[in-house]
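As provided, data_38.txt (compact mmCIF, C-alpha atoms) reads as follows.
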```txt
# COMPACT_ATOMS: atom_id res chain seq x y z
CA MET L 1 9.58 10.44 17.00
CA LYS L 2 6.78 8.16 15.75
CA LYS L 3 4.20 10.90 16.30
CA LYS L 4 6.29 13.40 14.34
CA VAL L 5 6.66 11.03 11.35
CA PHE L 6 2.93 10.21 11.41
CA ILE L 7 1.91 13.89 11.64
CA LEU L 8 4.31 14.81 8.82
CA ALA L 9 2.88 12.04 6.60
CA LEU L 10 -0.68 13.22 7.29
CA CYS L 11 0.24 16.82 6.43
CA VAL L 12 1.94 15.86 3.17
CA GLY L 13 -0.97 13.61 2.22
CA SER L 14 -3.53 16.32 2.95
CA ILE L 15 -1.61 18.79 0.76
CA PHE L 16 -1.74 16.37 -2.19
CA ILE L 17 -5.39 15.55 -1.59
CA GLY L 18 -6.43 19.16 -1.03
CA SER L 19 -4.51 20.54 -4.01
CA ASP L 20 -7.16 19.18 -6.39
CA VAL L 21 -9.83 21.31 -4.69
CA PHE L 22 -8.31 24.58 -5.93
CA ALA L 23 -7.72 23.43 -9.51
CA GLN L 24 -9.88 24.88 -12.25
CA LYS L 25 -12.87 22.75 -13.15
CA ASN L 26 -11.89 22.08 -16.75
CA SER L 27 -8.12 21.87 -16.28
CA LYS L 28 -8.07 18.04 -16.34
CA PRO L 29 -9.97 15.54 -18.45
CA PHE L 30 -12.79 13.65 -16.73
CA TYR L 31 -11.66 10.63 -14.73
CA PRO L 32 -14.12 8.56 -12.71
CA ARG L 33 -13.14 8.52 -9.08
CA GLY L 34 -13.68 5.25 -7.35
CA PHE L 35 -12.54 2.25 -5.40
CA ARG L 36 -10.27 -0.58 -6.51
CA VAL L 37 -9.41 -3.82 -4.75
CA GLY L 38 -6.17 -5.74 -5.12
CA VAL L 39 -5.12 -9.14 -3.81
CA GLY L 40 -1.42 -9.91 -3.78
CA ILE L 41 1.37 -12.20 -2.74
CA ASN L 42 4.75 -10.94 -1.67
CA GLY L 43 8.14 -12.28 -0.84
CA GLY L 44 11.51 -10.94 0.03
CA ILE L 45 14.66 -11.18 2.06
CA SER L 46 15.32 -9.74 5.46
CA THR L 47 18.33 -7.46 5.78
CA ASN L 48 18.60 -8.50 9.44
CA SER L 49 20.97 -11.40 10.08
CA ASP L 50 18.45 -13.14 12.40
CA TYR L 51 15.95 -13.85 9.59
CA ASN L 52 16.09 -15.43 6.13
CA ALA L 53 13.16 -15.23 3.74
CA VAL L 54 9.94 -13.28 4.09
CA ILE L 55 6.62 -14.37 2.56
CA GLY L 56 3.12 -12.96 2.80
CA ALA L 57 -0.24 -12.20 1.28
CA ASP L 58 -2.33 -9.05 1.38
CA ALA L 59 -5.48 -7.28 0.27
CA ARG L 60 -5.54 -3.60 -0.66
CA LEU L 61 -8.43 -1.17 -0.90
CA GLN L 62 -7.57 1.85 -3.05
CA TYR L 63 -9.51 5.04 -3.72
CA ASP L 64 -8.53 6.87 -6.91
CA PHE L 65 -8.87 10.67 -6.70
CA SER L 66 -7.53 11.04 -10.24
CA LYS L 67 -5.48 9.12 -12.80
CA GLU L 68 -2.36 10.10 -10.85
CA THR L 69 -3.26 10.01 -7.16
CA SER L 70 -4.79 7.44 -4.83
CA ILE L 71 -4.95 6.58 -1.15
CA THR L 72 -4.63 2.98 -0.01
CA LEU L 73 -5.46 0.75 2.95
CA THR L 74 -3.56 -2.56 3.04
CA SER L 75 -3.69 -5.55 5.39
CA GLY L 76 -2.71 -9.21 5.26
CA TYR L 77 -0.17 -11.54 6.84
CA THR L 78 3.65 -11.49 6.74
CA HIS L 79 5.92 -14.29 7.96
CA LEU L 80 9.67 -13.91 8.57
CA PHE L 81 11.59 -17.19 8.80
CA GLY L 82 14.16 -17.15 11.61
CA LYS L 83 17.69 -18.52 11.26
CA ASP L 84 18.61 -19.28 14.86
CA LYS L 85 15.64 -17.71 16.60
CA GLN L 86 11.87 -18.15 16.49
CA ASP L 87 9.98 -17.21 13.32
CA LEU L 88 8.19 -13.87 13.36
CA GLY L 89 4.64 -13.37 12.09
CA LEU L 90 2.61 -10.20 11.92
CA ILE L 91 -0.58 -8.73 10.56
CA PRO L 92 0.24 -5.35 9.01
CA VAL L 93 -2.41 -2.63 8.73
CA LYS L 94 -1.09 0.26 6.62
CA ALA L 95 -2.47 3.43 5.07
CA GLY L 96 -0.71 4.91 2.07
CA PHE L 97 -0.53 7.45 -0.72
CA LYS L 98 0.15 6.39 -4.32
CA HIS L 99 1.20 8.74 -7.12
CA PHE L 100 1.65 7.73 -10.76
CA MET L 101 4.70 9.44 -12.26
CA THR L 102 3.88 8.13 -15.76
CA LYS L 103 0.93 6.19 -17.16
CA ASN L 104 2.00 2.91 -15.49
CA PHE L 105 4.87 3.63 -13.06
CA TYR L 106 4.18 4.85 -9.55
CA ALA L 107 5.74 5.73 -6.20
CA GLN L 108 3.94 4.94 -2.96
CA GLY L 109 4.48 5.45 0.73
CA GLU L 110 2.74 3.54 3.52
CA LEU L 111 2.65 3.91 7.31
CA GLY L 112 1.00 1.56 9.74
CA ILE L 113 1.10 -0.94 12.57
CA GLY L 114 2.11 -4.60 12.57
CA PHE L 115 0.30 -6.76 15.10
CA GLY L 116 2.55 -9.62 16.23
CA THR L 117 1.09 -13.12 15.96
CA HIS L 118 3.79 -15.14 17.73
CA GLN L 119 4.03 -15.33 21.50
CA GLY L 120 5.94 -12.39 22.96
CA SER L 121 6.33 -10.55 19.63
CA GLY L 122 4.19 -7.48 20.46
CA ASN L 123 3.27 -4.77 17.95
CA THR L 124 5.46 -2.58 15.76
CA PHE L 125 5.40 0.63 13.72
CA ILE L 126 5.81 -0.02 9.95
CA TRP L 127 6.92 2.33 7.19
CA THR L 128 7.23 1.32 3.56
CA PRO L 129 8.44 3.19 0.44
CA VAL L 130 7.39 1.47 -2.81
CA ILE L 131 8.14 1.74 -6.54
CA GLY L 132 5.84 -0.13 -8.88
CA TYR L 133 4.22 -0.81 -12.22
CA ALA L 134 0.46 -1.19 -12.63
CA ASN L 135 -2.04 -1.48 -15.43
CA LYS L 136 -5.78 -2.17 -15.40
CA TYR L 137 -5.40 -5.56 -13.63
CA ILE L 138 -1.75 -6.27 -12.71
CA ASP L 139 0.31 -4.52 -10.02
CA LEU L 140 4.02 -5.38 -9.61
CA SER L 141 6.09 -3.53 -7.04
CA PHE L 142 9.48 -3.41 -5.32
CA ARG L 143 9.60 -2.19 -1.72
CA TYR L 144 11.62 -1.65 1.40
CA GLU L 145 9.72 -2.33 4.61
CA ARG L 146 10.88 -1.42 8.12
CA TYR L 147 9.45 -2.99 11.28
CA GLN L 148 10.64 -0.29 13.66
CA ASP L 149 10.07 -1.87 17.09
CA TYR L 150 11.43 -5.27 16.00
CA GLY L 151 14.62 -3.77 14.55
CA VAL L 152 13.98 -5.76 11.35
CA ASP L 153 13.54 -4.71 7.73
CA GLN L 154 13.06 -6.40 4.39
CA ILE L 155 13.45 -5.84 0.68
CA GLY L 156 10.59 -7.45 -1.20
CA LEU L 157 8.51 -7.88 -4.32
CA ARG L 158 4.70 -7.88 -4.59
CA ALA L 159 2.57 -9.29 -7.41
CA ALA L 160 -1.14 -8.51 -7.29
CA TYR L 161 -4.34 -8.72 -9.26
CA GLY L 162 -6.65 -5.72 -8.99
CA PHE L 163 -10.03 -4.64 -10.26
CA SER L 164 -12.37 -1.66 -10.08
CA LEU L 165 -15.50 -1.54 -7.92
CA LYS L 166 -17.51 0.73 -10.24
CA ASN L 167 -21.22 1.03 -9.64
CA TYR L 168 -23.08 -0.68 -12.43
CA LYS L 169 -26.68 0.36 -12.88
CA LYS L 170 -29.06 -2.43 -13.68
CA LYS L 171 -31.53 -1.86 -16.48
CA THR L 172 -35.07 -2.15 -15.25
CA LYS L 173 -37.96 -3.33 -17.37
CA LYS L 174 -41.15 -1.31 -17.48
```
Would you mind writing the structure in this file as structure tokens?
Amino acid sequence: MKKKVFILALCVGSIFIGSDVFAQKNSKPFYPRGFRVGVGINGGISTNSDYNAVIGADARLQYDFSKETSITLTSGYTHLFGKDKQDLGLIPVKAGFKHFMTKNFYAQGELGIGFGTHQGSGNTFIWTPVIGYANKYIDLSFRYERYQDYGVDQIGLRAAYGFSLKNYKKKTKK
């Protein structure tokens, strides 16, 4: 089942990425492709009765193919506070696809692995649908995140600061 979901996500992502190749050269205005970095904090509530609050921090590397489409790579740390059982901590590593539906509002999907940090927690498959708002520097999003092998999920918010990694040419003196 996990392989089928992963293969399906790769196929859908490659269709979106490859669709730009067949577009006419002058059909879209020029947009500089490039990398962005975002650093965020997130919090939420677990929908599983064994856990209360969820808190975490992450860093995201994003490559913009156009004004509307980007791929992402996100990692950080997430901590779920247990009610009657031990807390759960994990390091998620997720790849995603982001599409802006309007100038500032986007939908994103991420798939990845969570590496357990507490004794006996093991690793888990993660999938995350996201709806968000972003401008040049601020990224606010609402998400559902499922930790498949733990049987736990969360509803959360993320607030992040992001910036572009454009190449700046230095002026040289002659």
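Neighbours of range 112-121 of chain L closer than or equal to 10 Å, with all atoms listed in the file counted and sequence neighbours fewer than 6 positions away skipped, come out as Phe6, Leu73, Thr74, Ser75, Gly76, Tyr77, Thr78, His79, Gln86, Asp87, Leu88, Gly89, Leu90, Ile91, Pro92, Val93, Lys94, Ala95, Gly96, Trp127, Thr128, Tyr147, Gln148, Asp149 and Tyr150 of chain L.
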### Message
Counting only C-alpha atoms, find residues at most 8 Å from (13.6, -13.8, 8.4) (file frame) and give them as a ChimeraX atom specification.
### Response
/L:45-46,48-54,79-83,87-88
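Each of L:Ala159, L:Ile131, L:Ile71, L:Met101 was checked against Arg36 in chain L using only C-alpha atoms; the smallest atom-to-atom distance is that of L:Ile71.
Taking CA of Gly156 in chain L as the reference point, CA of Asp58 in chain L is found at 13.3 Å.
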### Query
Between L:Ile155, L:Leu61, L:Ala160, L:Ala134, which one has atoms that come closest to Val37 in chain L, using only C-alpha atoms?
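Using only C-alpha atoms, the shortest distance to Val37 in chain L belongs to L:Leu61.
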Written-out range 154-166 of chain L (all heavy atoms) as a short mmCIF file (atom, residue, chain, number, x, y, z; two decimals), in the first residue's frame:
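Written out: out-v2.cif:
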```cif
data_model
loop_
_atom_site.label_atom_id
_atom_site.label_comp_id
_atom_site.auth_asym_id
_atom_site.auth_seq_id
_atom_site.Cartn_x
_atom_site.Cartn_y
_atom_site.Cartn_z
N GLN L 154 -2.44 14.51 13.44
CA GLN L 154 -2.58 15.81 14.07
C GLN L 154 -3.16 16.82 13.10
O GLN L 154 -3.06 16.67 11.89
CB GLN L 154 -1.23 16.32 14.59
CG GLN L 154 -0.27 16.72 13.50
CD GLN L 154 0.73 17.76 13.93
OE1 GLN L 154 0.37 18.74 14.56
NE2 GLN L 154 1.99 17.55 13.58
N ILE L 155 -3.77 17.84 13.67
CA ILE L 155 -4.21 19.02 12.93
C ILE L 155 -3.37 20.16 13.47
O ILE L 155 -3.32 20.37 14.68
CB ILE L 155 -5.70 19.28 13.14
CG1 ILE L 155 -6.50 18.11 12.57
CG2 ILE L 155 -6.12 20.59 12.49
CD1 ILE L 155 -7.97 18.15 12.89
N GLY L 156 -2.68 20.87 12.58
CA GLY L 156 -1.73 21.86 13.07
C GLY L 156 -1.63 23.12 12.23
O GLY L 156 -2.15 23.19 11.12
N LEU L 157 -0.95 24.09 12.79
CA LEU L 157 -0.66 25.36 12.14
C LEU L 157 0.85 25.53 12.06
O LEU L 157 1.58 25.11 12.96
CB LEU L 157 -1.25 26.53 12.93
CG LEU L 157 -2.76 26.54 13.08
CD1 LEU L 157 -3.18 27.63 14.06
CD2 LEU L 157 -3.43 26.75 11.74
N ARG L 158 1.31 26.18 11.00
CA ARG L 158 2.75 26.47 10.82
C ARG L 158 2.91 27.94 10.48
O ARG L 158 2.20 28.46 9.63
CB ARG L 158 3.33 25.62 9.69
CG ARG L 158 4.79 25.91 9.39
CD ARG L 158 5.29 25.00 8.25
NE ARG L 158 6.72 25.15 8.04
CZ ARG L 158 7.26 25.92 7.10
NH1 ARG L 158 6.49 26.61 6.28
NH2 ARG L 158 8.57 26.00 6.97
N ALA L 159 3.85 28.60 11.14
CA ALA L 159 4.21 29.98 10.84
C ALA L 159 5.70 29.97 10.51
O ALA L 159 6.51 29.45 11.28
CB ALA L 159 3.94 30.89 12.03
N ALA L 160 6.05 30.54 9.35
CA ALA L 160 7.44 30.48 8.91
C ALA L 160 7.89 31.79 8.29
O ALA L 160 7.08 32.57 7.78
CB ALA L 160 7.62 29.35 7.91
N TYR L 161 9.20 31.98 8.33
CA TYR L 161 9.84 33.09 7.65
C TYR L 161 10.67 32.50 6.52
O TYR L 161 11.45 31.57 6.74
CB TYR L 161 10.74 33.87 8.61
CG TYR L 161 11.55 34.95 7.92
CD1 TYR L 161 10.96 36.16 7.57
CD2 TYR L 161 12.88 34.74 7.61
CE1 TYR L 161 11.69 37.14 6.93
CE2 TYR L 161 13.62 35.72 6.96
CZ TYR L 161 13.01 36.92 6.62
OH TYR L 161 13.73 37.88 5.97
N GLY L 162 10.51 33.03 5.30
CA GLY L 162 11.25 32.50 4.17
C GLY L 162 11.94 33.58 3.38
O GLY L 162 11.58 34.76 3.45
N PHE L 163 12.94 33.18 2.62
CA PHE L 163 13.68 34.13 1.79
C PHE L 163 14.27 33.40 0.60
O PHE L 163 14.47 32.19 0.61
CB PHE L 163 14.77 34.83 2.60
CG PHE L 163 15.70 33.90 3.30
CD1 PHE L 163 16.87 33.46 2.70
CD2 PHE L 163 15.40 33.43 4.58
CE1 PHE L 163 17.73 32.59 3.36
CE2 PHE L 163 16.25 32.57 5.25
CZ PHE L 163 17.42 32.14 4.63
N SER L 164 14.56 34.16 -0.45
CA SER L 164 15.09 33.63 -1.69
C SER L 164 16.61 33.48 -1.61
O SER L 164 17.28 34.26 -0.94
CB SER L 164 14.72 34.58 -2.83
OG SER L 164 15.29 34.12 -4.04
N LEU L 165 17.14 32.50 -2.32
CA LEU L 165 18.58 32.29 -2.39
C LEU L 165 19.09 32.65 -3.79
O LEU L 165 19.81 31.88 -4.42
CB LEU L 165 18.94 30.83 -2.08
CG LEU L 165 18.67 30.34 -0.68
CD1 LEU L 165 19.04 28.87 -0.56
CD2 LEU L 165 19.44 31.16 0.33
N LYS L 166 18.71 33.81 -4.28
CA LYS L 166 19.13 34.24 -5.62
C LYS L 166 20.64 34.44 -5.65
O LYS L 166 21.25 34.81 -4.67
CB LYS L 166 18.46 35.56 -5.99
CG LYS L 166 16.99 35.44 -6.23
CD LYS L 166 16.43 36.78 -6.62
CE LYS L 166 14.94 36.67 -6.81
NZ LYS L 166 14.35 37.96 -7.15
#
```
